[in-house]
>>> print(open('data-v4.pdb').read())   # PDB, C-alpha atoms
ATOM      1  CA  MET A   1     117.450 123.901 173.243
ATOM      2  CA  SER A   2     115.484 121.443 175.393
ATOM      3  CA  THR A   3     117.280 118.341 176.613
ATOM      4  CA  PRO A   4     115.747 114.887 176.073
ATOM      5  CA  PRO A   5     114.210 113.182 179.120
ATOM      6  CA  PRO A   6     116.648 110.945 181.024
ATOM      7  CA  LEU A   7     116.545 107.228 180.225
ATOM      8  CA  PRO A   8     114.909 104.988 182.833
ATOM      9  CA  SER A   9     117.151 103.035 185.184
ATOM     10  CA  ALA A  10     118.184  99.490 184.288
ATOM     11  CA  THR A  11     115.494  98.095 186.598
ATOM     12  CA  LEU A  12     112.772 100.244 185.054
ATOM     13  CA  MET A  13     114.030  99.406 181.566
ATOM     14  CA  ALA A  14     113.781  95.692 182.303
ATOM     15  CA  ALA A  15     110.250  96.098 183.677
ATOM     16  CA  GLU A  16     109.249  98.191 180.676
ATOM     17  CA  ARG A  17     110.620  95.599 178.247
ATOM     18  CA  ALA A  18     108.751  92.805 180.017
ATOM     19  CA  GLU A  19     105.495  94.778 179.945
ATOM     20  CA  LEU A  20     105.915  95.678 176.276
ATOM     21  CA  GLU A  21     106.714  92.124 175.246
ATOM     22  CA  GLN A  22     103.665  90.842 177.127
ATOM     23  CA  ILE A  23     101.471  93.383 175.310
ATOM     24  CA  LEU A  24     102.871  92.260 171.965
ATOM     25  CA  ARG A  25     102.682  88.543 172.760
ATOM     26  CA  LEU A  26      99.091  88.649 174.045
ATOM     27  CA  GLU A  27      97.959  91.345 171.539
ATOM     28  CA  LEU A  28      96.612  93.593 174.298
ATOM     29  CA  LEU A  29      96.259  96.756 172.204
ATOM     30  CA  GLU A  30      92.995  98.717 172.129
ATOM     31  CA  PRO A  31      92.205 100.426 168.804
ATOM     32  CA  VAL A  32      90.147 103.617 168.828
ATOM     33  CA  PHE A  33      88.782 105.607 165.899
ATOM     34  CA  GLN A  34      88.243 109.322 165.333
ATOM     35  CA  PRO A  35      85.694 110.562 162.776
ATOM     36  CA  ILE A  36      86.874 112.543 159.746
ATOM     37  CA  MET A  37      84.153 114.937 158.658
ATOM     38  CA  ASP A  38      83.232 116.614 155.392
ATOM     39  CA  LEU A  39      82.955 120.286 156.341
ATOM     40  CA  ARG A  40      80.632 120.946 153.395
ATOM     41  CA  SER A  41      78.006 118.243 153.909
ATOM     42  CA  GLY A  42      78.547 117.699 157.640
ATOM     43  CA  THR A  43      78.828 113.926 157.238
ATOM     44  CA  ALA A  44      81.607 111.491 158.156
ATOM     45  CA  ILE A  45      83.750 110.339 155.223
ATOM     46  CA  GLY A  46      85.820 107.958 157.318
ATOM     47  CA  HIS A  47      87.891 107.478 160.469
ATOM     48  CA  GLU A  48      91.513 107.534 161.574
ATOM     49  CA  ALA A  49      92.678 104.449 163.461
ATOM     50  CA  LEU A  50      94.582 105.258 166.666
ATOM     51  CA  ILE A  51      95.879 102.931 169.357
ATOM     52  CA  ARG A  52      96.009 102.627 173.133
ATOM     53  CA  GLY A  53      97.834 100.203 175.395
ATOM     54  CA  PRO A  54      96.019  98.154 178.057
ATOM     55  CA  ARG A  55      93.996 100.236 180.543
ATOM     56  CA  GLY A  56      95.900 100.674 183.800
ATOM     57  CA  SER A  57      99.212  99.935 182.110
ATOM     58  CA  THR A  58     102.147 102.356 182.250
ATOM     59  CA  LEU A  59     102.164 101.986 178.439
ATOM     60  CA  TYR A  60      98.510 102.960 177.958
ATOM     61  CA  ALA A  61      99.346 106.305 176.316
ATOM     62  CA  PRO A  62     100.423 105.878 172.675
ATOM     63  CA  SER A  63     103.438 108.174 173.091
ATOM     64  CA  ARG A  64     104.849 106.049 175.930
ATOM     65  CA  LEU A  65     103.972 102.833 174.105
ATOM     66  CA  PHE A  66     105.848 103.796 170.941
ATOM     67  CA  GLN A  67     108.796 105.296 172.821
ATOM     68  CA  ALA A  68     109.182 101.994 174.653
ATOM     69  CA  ALA A  69     108.972 100.068 171.374
ATOM     70  CA  ILE A  70     111.756 102.214 169.891
ATOM     71  CA  ARG A  71     113.953 101.803 172.990
ATOM     72  CA  HIS A  72     113.599  98.014 172.895
ATOM     73  CA  ASP A  73     113.754  97.596 169.104
ATOM     74  CA  HIS A  74     110.139  96.428 168.738
ATOM     75  CA  GLN A  75     108.836  99.314 166.627
ATOM     76  CA  LEU A  76     108.051  97.249 163.535
ATOM     77  CA  GLN A  77     106.396  94.480 165.556
ATOM     78  CA  LEU A  78     104.264  97.043 167.389
ATOM     79  CA  GLU A  79     103.255  98.818 164.184
ATOM     80  CA  LEU A  80     102.163  95.604 162.466
ATOM     81  CA  LEU A  81     100.155  94.589 165.538
ATOM     82  CA  CYS A  82      98.510  98.044 165.601
ATOM     83  CA  ARG A  83      97.480  97.511 161.996
ATOM     84  CA  LYS A  84      96.149  94.010 162.680
ATOM     85  CA  CYS A  85      94.101  95.071 165.729
ATOM     86  CA  SER A  86      92.767  98.212 164.050
ATOM     87  CA  LEU A  87      91.630  96.387 160.924
ATOM     88  CA  ALA A  88      89.992  93.610 162.947
ATOM     89  CA  ARG A  89      88.039  96.131 165.019
ATOM     90  CA  PHE A  90      87.106  98.154 161.925
ATOM     91  CA  ALA A  91      85.704  94.979 160.349
ATOM     92  CA  GLU A  92      83.588  94.385 163.472
ATOM     93  CA  LEU A  93      82.260  97.954 163.631
ATOM     94  CA  LYS A  94      81.544  98.280 159.890
ATOM     95  CA  PRO A  95      81.317 102.090 160.088
ATOM     96  CA  GLY A  96      81.711 102.489 156.324
ATOM     97  CA  GLY A  97      83.792 105.093 154.539
ATOM     98  CA  LEU A  98      87.569 105.367 154.555
ATOM     99  CA  LEU A  99      89.998 104.113 157.177
ATOM    100  CA  PHE A 100      93.207 106.121 157.655
ATOM    101  CA  LEU A 101      96.029 103.825 158.827
ATOM    102  CA  ASN A 102      99.207 105.341 160.272
ATOM    103  CA  VAL A 103     102.366 103.919 158.722
ATOM    104  CA  THR A 104     105.907 104.842 159.739
ATOM    105  CA  ALA A 105     107.625 105.832 156.504
ATOM    106  CA  SER A 106     111.087 104.771 157.701
ATOM    107  CA  LEU A 107     109.865 101.199 158.330
ATOM    108  CA  LEU A 108     108.543 100.640 154.806
ATOM    109  CA  SER A 109     112.051  99.974 153.501
ATOM    110  CA  SER A 110     113.044  97.750 156.439
ATOM    111  CA  PRO A 111     114.201  94.275 155.310
ATOM    112  CA  ASP A 112     111.953  92.851 158.044
ATOM    113  CA  HIS A 113     108.844  94.653 156.751
ATOM    114  CA  GLN A 114     106.215  92.120 155.665
ATOM    115  CA  HIS A 115     105.178  93.039 152.143
ATOM    116  CA  GLY A 116     101.570  92.122 151.447
ATOM    117  CA  PHE A 117     100.768  92.011 155.182
ATOM    118  CA  THR A 118      98.025  94.670 154.976
ATOM    119  CA  ALA A 119      96.481  93.339 151.757
ATOM    120  CA  ASP A 120      96.334  89.815 153.202
ATOM    121  CA  LEU A 121      94.590  91.114 156.333
ATOM    122  CA  LEU A 122      92.058  93.015 154.256
ATOM    123  CA  ARG A 123      91.201  89.898 152.259
ATOM    124  CA  GLN A 124      90.781  87.850 155.437
ATOM    125  CA  LEU A 125      88.539  90.508 157.007
ATOM    126  CA  ASP A 126      86.592  91.266 153.805
ATOM    127  CA  ILE A 127      87.501  94.982 153.881
ATOM    128  CA  PRO A 128      87.651  96.674 150.451
ATOM    129  CA  LEU A 129      91.245  97.627 149.694
ATOM    130  CA  GLU A 130      90.151 100.935 148.143
ATOM    131  CA  SER A 131      88.721 102.034 151.511
ATOM    132  CA  ILE A 132      92.204 102.182 153.092
ATOM    133  CA  VAL A 133      94.316 105.348 153.177
ATOM    134  CA  ILE A 134      97.992 104.834 154.097
ATOM    135  CA  GLU A 135      98.902 107.823 156.271
ATOM    136  CA  LEU A 136     102.598 108.781 156.368
ATOM    137  CA  SER A 137     103.938 111.194 158.950
ATOM    138  CA  GLU A 138     106.874 113.526 158.282
ATOM    139  CA  GLN A 139     107.804 113.160 161.935
ATOM    140  CA  HIS A 140     109.587 109.980 160.853
ATOM    141  CA  PRO A 141     112.630 109.815 158.530
ATOM    142  CA  PHE A 142     112.086 109.712 154.793
ATOM    143  CA  ASP A 143     114.508 107.412 152.968
ATOM    144  CA  HIS A 144     116.666 109.606 150.748
ATOM    145  CA  GLN A 145     117.795 106.642 148.624
ATOM    146  CA  GLY A 146     114.314 106.196 147.186
ATOM    147  CA  LEU A 147     113.462 102.909 148.914
ATOM    148  CA  THR A 148     110.619 104.427 150.907
ATOM    149  CA  ARG A 149     109.262 106.144 147.839
ATOM    150  CA  ALA A 150     109.352 102.831 145.975
ATOM    151  CA  ALA A 151     107.492 101.185 148.847
ATOM    152  CA  VAL A 152     104.861 103.939 148.773
ATOM    153  CA  GLU A 153     104.412 103.472 145.047
ATOM    154  CA  HIS A 154     104.008  99.750 145.713
ATOM    155  CA  TYR A 155     101.100 100.542 148.052
ATOM    156  CA  ARG A 156      99.570 102.864 145.481
ATOM    157  CA  SER A 157      99.917 100.327 142.657
ATOM    158  CA  MET A 158      97.931  97.894 144.811
ATOM    159  CA  GLY A 159      95.073 100.393 145.034
ATOM    160  CA  PHE A 160      95.698 102.136 148.365
ATOM    161  CA  GLN A 161      95.322 105.898 148.668
ATOM    162  CA  ILE A 162      98.102 107.931 150.305
ATOM    163  CA  ALA A 163      97.944 110.730 152.887
ATOM    164  CA  ILE A 164     100.712 112.916 154.323
ATOM    165  CA  ASP A 165     100.158 113.615 158.022
ATOM    166  CA  ASP A 166     101.146 116.674 160.080
ATOM    167  CA  LEU A 167     102.049 118.970 157.185
ATOM    168  CA  GLY A 168     103.932 121.885 158.737
ATOM    169  CA  ALA A 169     105.219 119.957 161.766
ATOM    170  CA  GLY A 170     108.632 119.406 160.147
ATOM    171  CA  TYR A 171     110.634 120.540 157.152
ATOM    172  CA  SER A 172     110.112 117.874 154.500
ATOM    173  CA  GLY A 173     106.338 117.994 154.086
ATOM    174  CA  LEU A 174     106.216 120.072 150.901
ATOM    175  CA  ARG A 175     108.924 117.944 149.326
ATOM    176  CA  LEU A 176     107.017 114.772 150.205
ATOM    177  CA  TRP A 177     103.867 116.343 148.769
ATOM    178  CA  SER A 178     105.531 117.107 145.441
ATOM    179  CA  GLU A 179     107.276 113.721 145.210
ATOM    180  CA  LEU A 180     104.494 111.411 146.384
ATOM    181  CA  GLN A 181     101.483 113.361 145.043
ATOM    182  CA  PRO A 182      99.168 112.041 147.789
ATOM    183  CA  GLU A 183      95.393 111.962 147.603
ATOM    184  CA  PHE A 184      95.156 113.632 151.048
ATOM    185  CA  VAL A 185      97.256 116.132 153.002
ATOM    186  CA  LYS A 186      96.587 116.714 156.711
ATOM    187  CA  ILE A 187      97.508 120.137 158.092
ATOM    188  CA  ASP A 188      99.210 119.974 161.488
ATOM    189  CA  LYS A 189      96.989 121.043 164.392
ATOM    190  CA  HIS A 190      99.415 123.844 165.329
ATOM    191  CA  PHE A 191      98.131 125.843 162.351
ATOM    192  CA  ILE A 192      94.480 125.133 163.183
ATOM    193  CA  SER A 193      94.572 126.185 166.832
ATOM    194  CA  ASP A 194      93.236 129.780 167.071
ATOM    195  CA  LEU A 195      93.280 130.005 163.275
ATOM    196  CA  ASP A 196      90.454 132.552 163.369
ATOM    197  CA  ARG A 197      92.596 134.913 165.500
ATOM    198  CA  ASP A 198      95.959 134.510 163.773
ATOM    199  CA  PRO A 199      96.473 136.079 160.311
ATOM    200  CA  VAL A 200      99.800 134.244 159.811
ATOM    201  CA  LYS A 201      98.154 130.866 160.315
ATOM    202  CA  ARG A 202      95.302 131.864 158.002
ATOM    203  CA  GLU A 203      97.787 132.788 155.277
ATOM    204  CA  PHE A 204      99.524 129.421 155.647
ATOM    205  CA  VAL A 205      96.267 127.437 155.521
ATOM    206  CA  GLN A 206      94.931 129.458 152.575
ATOM    207  CA  SER A 207      98.142 128.736 150.648
ATOM    208  CA  ILE A 208      97.885 125.006 151.374
ATOM    209  CA  GLY A 209      94.250 125.083 150.278
ATOM    210  CA  ARG A 210      95.163 126.725 146.964
ATOM    211  CA  ILE A 211      97.895 124.166 146.274
ATOM    212  CA  GLY A 212      95.507 121.347 147.131
ATOM    213  CA  ARG A 213      92.847 122.593 144.727
ATOM    214  CA  ASN A 214      95.386 123.003 141.930
ATOM    215  CA  LEU A 215      96.760 119.497 142.491
ATOM    216  CA  ARG A 216      93.323 117.928 143.043
ATOM    217  CA  CYS A 217      94.434 116.835 146.501
ATOM    218  CA  GLN A 218      92.008 116.813 149.420
ATOM    219  CA  ILE A 219      93.075 118.958 152.383
ATOM    220  CA  LEU A 220      92.206 117.809 155.894
ATOM    221  CA  ALA A 221      92.538 120.082 158.929
ATOM    222  CA  GLU A 222      93.501 118.322 162.170
ATOM    223  CA  GLY A 223      92.886 119.459 165.731
ATOM    224  CA  ILE A 224      89.637 121.428 165.294
ATOM    225  CA  GLU A 225      88.414 122.231 168.803
ATOM    226  CA  ARG A 226      86.340 125.415 168.402
ATOM    227  CA  TYR A 227      83.432 126.490 166.200
ATOM    228  CA  GLU A 228      85.351 129.595 165.168
ATOM    229  CA  GLU A 229      88.219 127.482 163.837
ATOM    230  CA  MET A 230      85.808 125.321 161.854
ATOM    231  CA  ARG A 231      84.038 128.364 160.349
ATOM    232  CA  ALA A 232      87.367 129.952 159.370
ATOM    233  CA  LEU A 233      88.391 126.728 157.597
ATOM    234  CA  GLN A 234      85.074 126.595 155.770
ATOM    235  CA  GLN A 235      85.482 130.176 154.577
ATOM    236  CA  MET A 236      88.894 129.192 153.160
ATOM    237  CA  GLY A 237      87.399 126.256 151.287
ATOM    238  CA  ILE A 238      89.065 123.509 153.367
ATOM    239  CA  GLY A 239      86.900 120.469 152.731
ATOM    240  CA  LEU A 240      87.717 117.972 155.493
ATOM    241  CA  GLY A 241      88.195 118.239 159.243
ATOM    242  CA  GLN A 242      89.070 116.217 162.321
ATOM    243  CA  GLY A 243      89.251 117.135 165.995
ATOM    244  CA  PHE A 244      87.606 117.064 169.409
ATOM    245  CA  LEU A 245      84.860 119.449 168.261
ATOM    246  CA  LEU A 246      83.769 116.981 165.582
ATOM    247  CA  GLY A 247      84.374 113.634 167.258
ATOM    248  CA  MET A 248      86.535 112.069 169.965
ATOM    249  CA  PRO A 249      88.734 108.982 169.507
ATOM    250  CA  SER A 250      86.596 106.098 170.735
ATOM    251  CA  THR A 251      86.181 102.338 170.495
ATOM    252  CA  CYS A 252      82.687 103.059 169.110
ATOM    253  CA  PRO A 253      83.095 106.438 167.386
ATOM    254  CA  GLN A 254      80.247 108.863 166.773
ATOM    255  CA  PRO A 255      80.284 112.431 165.401
ATOM    256  CA  LEU A 256      79.582 114.968 168.143
ATOM    257  CA  LEU A 257      77.759 117.420 165.878
ATOM    258  CA  ARG A 258      74.787 116.972 163.565
ATOM    259  CA  PRO A 259      75.342 117.726 159.869
ATOM    260  CA  ASP A 260      73.298 120.926 160.154
ATOM    261  CA  GLN A 261      75.582 122.089 162.997
ATOM    262  CA  ILE A 262      78.672 121.556 160.850
ATOM    263  CA  ARG A 263      77.469 122.951 157.530
ATOM    264  CA  ARG A 264      77.944 126.667 157.105
ATOM    265  CA  PRO A 265      74.801 128.770 157.656
ATOM    266  CA  LEU A 266      72.823 129.189 154.441
ATOM    267  CA  HIS A 267      73.308 132.968 154.319
ATOM    268  CA  VAL A 268      77.092 132.511 154.480
ATOM    269  CA  ARG A 269      77.067 129.913 151.698
ATOM    270  CA  SER A 270      74.796 132.094 149.548
ATOM    271  CA  GLY A 271      76.997 135.129 150.111
ATOM    272  CA  GLN A 272      80.122 133.248 149.075
ATOM    273  CA  ALA A 273      78.408 131.888 145.954
ATOM    274  CA  ALA A 274      77.331 135.396 145.011
ATOM    275  CA  ARG A 275      80.881 136.723 145.437
ATOM    276  CA  GLN A 276      82.272 133.909 143.274
ATOM    277  CA  LEU A 277      79.709 134.619 140.549
ATOM    278  CA  PHE A 278      80.493 138.352 140.680
ATOM    279  CA  HIS A 279      84.215 137.598 140.353
ATOM    280  CA  LEU A 280      83.618 135.337 137.323
ATOM    281  CA  MET A 281      81.430 137.949 135.657
ATOM    282  CA  ARG A 282      84.070 140.638 136.132
ATOM    283  CA  GLN A 283      86.822 138.673 134.384
ATOM    284  CA  PRO A 284      85.421 138.991 130.801
ATOM    285  CA  MET A 285      84.770 142.708 131.378
ATOM    286  CA  GLN A 286      88.355 143.230 132.551
ATOM    287  CA  ARG A 287      89.707 141.420 129.484
ATOM    288  CA  LEU A 288      87.567 143.599 127.196
ATOM    289  CA  ARG A 289      88.798 146.762 128.875
ATOM    290  CA  GLY A 290      92.393 145.550 128.591
TER
END
>>> encode(input="data-v4.pdb", output="structure tokens")
Amino acid sequence: MSTPPPLPSATLMAAERAELEQILRLELLEPVFQPIMDLRSGTAIGHEALIRGPRGSTLYAPSRLFQAAIRHDHQLQLELLCRKCSLARFAELKPGGLLFLNVTASLLSSPDHQHGFTADLLRQLDIPLESIVIELSEQHPFDHQGLTRAAVEHYRSMGFQIAIDDLGAGYSGLRLWSELQPEFVKIDKHFISDLDRDPVKREFVQSIGRIGRNLRCQILAEGIERYEEMRALQQMGIGLGQGFLLGMPSTCPQPLLRPDQIRRPLHVRSGQAARQLFHLMRQPMQRLRG
């Protein structure tokens, strides 16, 4: 079992706290956006909002920024500022489509959480509420007393869509899926890396795809970095994708591939359609023979 990294010294902790509090006070965060692509049409359906600290800062990387916020009890303040900066930049860019906003599930039931904060921002910035997807990660605790679930239902009743992030990265993802019935489920990048070479990963992703189709939930594959991974996902019927192959996180995001480079080759699509038709035609014959 790996041991956690040692805590910084008291001097470093004090410097880190001062730097973090300056970032929060002066709102020095830099939002970036990564395209989310439709693997059937090859077009962008939206973006995920991500965050960076000030350039040159020791807290530039999001992992270090959030770890510092947790150490100094500023996690909620940081998350709300991330949301504010991301929405303001999204309103400036006007890229259209959906915006996936990361929300820490364990903070939704916090007594200090500002209910209506996101909706108020959207009204001020003239962003349609139905364009926002609240993205919950199972890397954070899920409130077993039902408070978090009630908060999620509050978001949904207001008109927000819900996504579960990193399915497969922990142990509670399937339970969250069944309880929250999200509109989107994002498959953790571990299962996408080398998917075309790993039959176990393919079996996992195919199973998730089948569940998604049965529940009318859109499945999104994260961490696509190779053409072969993208083609394997398309053959499995996974509809949405995100990753360095398709588009990098950027302050001014652009897809890296043209729609015709993303869409499956015509002969592959035609072959799959023919196989589906053949399968449908066989079913009545099998019933007659039975």
>>> residues_around(input="data-v4.pdb", residues="Glu225 in chain A", least_positions_apart="6", cutoff="7 Å", atoms="only C-alpha atoms", output="number ranges by chain")
A: 243-245
>>> closest_atom_pairs(input="data-v4.pdb", of="range 40-147 of chain A", to="range 237-241 of chain A", cutoff="10 Å", atoms="only C-alpha atoms", output="Markdown table")
| residue | atom | partner | partner_atom | distance |
| --- | --- | --- | --- | --- |
| A:Arg40 | CA | A:Gly239 | CA | 6.3 |
| A:Ser41 | CA | A:Gly239 | CA | 9.2 |
| A:Gly42 | CA | A:Leu240 | CA | 9.4 |
| A:Thr43 | CA | A:Leu240 | CA | 9.9 |
| A:Ala44 | CA | A:Leu240 | CA | 9.3 |
| A:Ile45 | CA | A:Leu240 | CA | 8.6 |
>>> write_last_selection(input="data-v4.pdb", atoms="C-alpha atoms", output="PDB file, in the coordinates of the input")
ATOM      1  CA  ARG A  40      80.632 120.946 153.395  1.00  0.00           C
ATOM      2  CA  SER A  41      78.006 118.243 153.909  1.00  0.00           C
ATOM      3  CA  GLY A  42      78.547 117.699 157.640  1.00  0.00           C
ATOM      4  CA  THR A  43      78.828 113.926 157.238  1.00  0.00           C
ATOM      5  CA  ALA A  44      81.607 111.491 158.156  1.00  0.00           C
ATOM      6  CA  ILE A  45      83.750 110.339 155.223  1.00  0.00           C
TER       7      ILE A  45
END
>>> closest_residue(input="data-v4.pdb", among="A:Glu228, A:Glu222, A:Asp194, A:Glu153", to="Gln34 in chain A", atoms="only C-alpha atoms")
A:Glu222
>>> resolve_selection(input="data-v4.pdb", expression="the PyMOL selection byres ((chain A and resi 203-205) around 9)", output="number ranges by chain")
A: 187, 191-192, 195, 198-202, 206-210, 221, 233, 236, 238
>>> resolve_selection(input="data-v4.pdb", expression="the PyMOL selection byres ((chain A and resi 130) around 7)", output="list in words")
Pro128, Leu129, Ser131, Ile132, Gly159 and Phe160 of chain A
>>> atom_distance(input="data-v4.pdb", atom1="CA of Leu99 in chain A", atom2="CA of Thr118 in chain A")
12.6 Å
>>> closest_residue(input="data-v4.pdb", among="A:Leu26, A:Ala15, A:Leu246, A:Ala69", to="Pro259 in chain A", atoms="only C-alpha atoms")
A:Leu246
>>> residues_around(input="data-v4.pdb", residues="range 87-89 of chain A", least_positions_apart="5", cutoff="9 Å", atoms="all atoms listed in the file", output="PyMOL selection string")
chain A and resi 31-32+49+82+94+99+101+118+121-122+125+127+251
>>> residues_around(input="data-v4.pdb", residues="Val185 in chain A", least_positions_apart="4", cutoff="9 Å", atoms="all atoms listed in the file", output="PDB file with C-alpha atoms, keeping the file's coordinate frame")
ATOM      1  CA  ILE A 162      98.102 107.931 150.305  1.00  0.00           C
ATOM      2  CA  ALA A 163      97.944 110.730 152.887  1.00  0.00           C
ATOM      3  CA  ILE A 164     100.712 112.916 154.323  1.00  0.00           C
ATOM      4  CA  ASP A 165     100.158 113.615 158.022  1.00  0.00           C
ATOM      5  CA  ASP A 166     101.146 116.674 160.080  1.00  0.00           C
ATOM      6  CA  LEU A 167     102.049 118.970 157.185  1.00  0.00           C
ATOM      7  CA  TRP A 177     103.867 116.343 148.769  1.00  0.00           C
ATOM      8  CA  GLY A 212      95.507 121.347 147.131  1.00  0.00           C
ATOM      9  CA  CYS A 217      94.434 116.835 146.501  1.00  0.00           C
ATOM     10  CA  GLN A 218      92.008 116.813 149.420  1.00  0.00           C
ATOM     11  CA  ILE A 219      93.075 118.958 152.383  1.00  0.00           C
ATOM     12  CA  LEU A 220      92.206 117.809 155.894  1.00  0.00           C
ATOM     13  CA  ALA A 221      92.538 120.082 158.929  1.00  0.00           C
TER      14      ALA A 221
END
>>> closest_residue(input="data-v4.pdb", among="A:Leu98, A:Ala61, A:Met230, A:Val152", to="Pro182 in chain A", atoms="all atoms listed in the file")
A:Val152
>>> closest_residue(input="data-v4.pdb", among="A:Arg175, A:Leu59, A:Leu80, A:Gln261", to="Arg17 in chain A", atoms="all atoms listed in the file")
A:Leu59
>>> closest_residue(input="data-v4.pdb", among="A:Glu92, A:Asp126, A:Glu16, A:Asp188", to="Ile70 in chain A", atoms="only C-alpha atoms")
A:Glu16
>>> atom_distance(input="data-v4.pdb", atom1="CA of Leu78 in chain A", atom2="CA of Ile51 in chain A")
10.4 Å
>>> residues_around(input="data-v4.pdb", residues="Pro54 in chain A", least_positions_apart="3", cutoff="12 Å", atoms="all atoms listed in the file", output="list in words")
Glu19, Leu20, Gln22, Ile23, Leu24, Leu26, Glu27, Leu28, Leu29, Glu30, Pro31, Ile51, Ser57, Thr58, Leu59, Tyr60, Ala61, Pro62 and Leu65 of chain A
>>> resolve_selection(input="data-v4.pdb", expression="the PyMOL selection byres ((chain A and resi 103) around 9)", output="PDB file with C-alpha atoms, keeping the file's coordinate frame")
ATOM      1  CA  GLU A  79     103.255  98.818 164.184  1.00  0.00           C
ATOM      2  CA  ARG A  83      97.480  97.511 161.996  1.00  0.00           C
ATOM      3  CA  LEU A 101      96.029 103.825 158.827  1.00  0.00           C
ATOM      4  CA  ASN A 102      99.207 105.341 160.272  1.00  0.00           C
ATOM      5  CA  THR A 104     105.907 104.842 159.739  1.00  0.00           C
ATOM      6  CA  ALA A 105     107.625 105.832 156.504  1.00  0.00           C
ATOM      7  CA  SER A 106     111.087 104.771 157.701  1.00  0.00           C
ATOM      8  CA  LEU A 107     109.865 101.199 158.330  1.00  0.00           C
ATOM      9  CA  LEU A 108     108.543 100.640 154.806  1.00  0.00           C
ATOM     10  CA  ILE A 134      97.992 104.834 154.097  1.00  0.00           C
ATOM     11  CA  GLU A 135      98.902 107.823 156.271  1.00  0.00           C
ATOM     12  CA  LEU A 136     102.598 108.781 156.368  1.00  0.00           C
ATOM     13  CA  SER A 137     103.938 111.194 158.950  1.00  0.00           C
TER      14      SER A 137
END
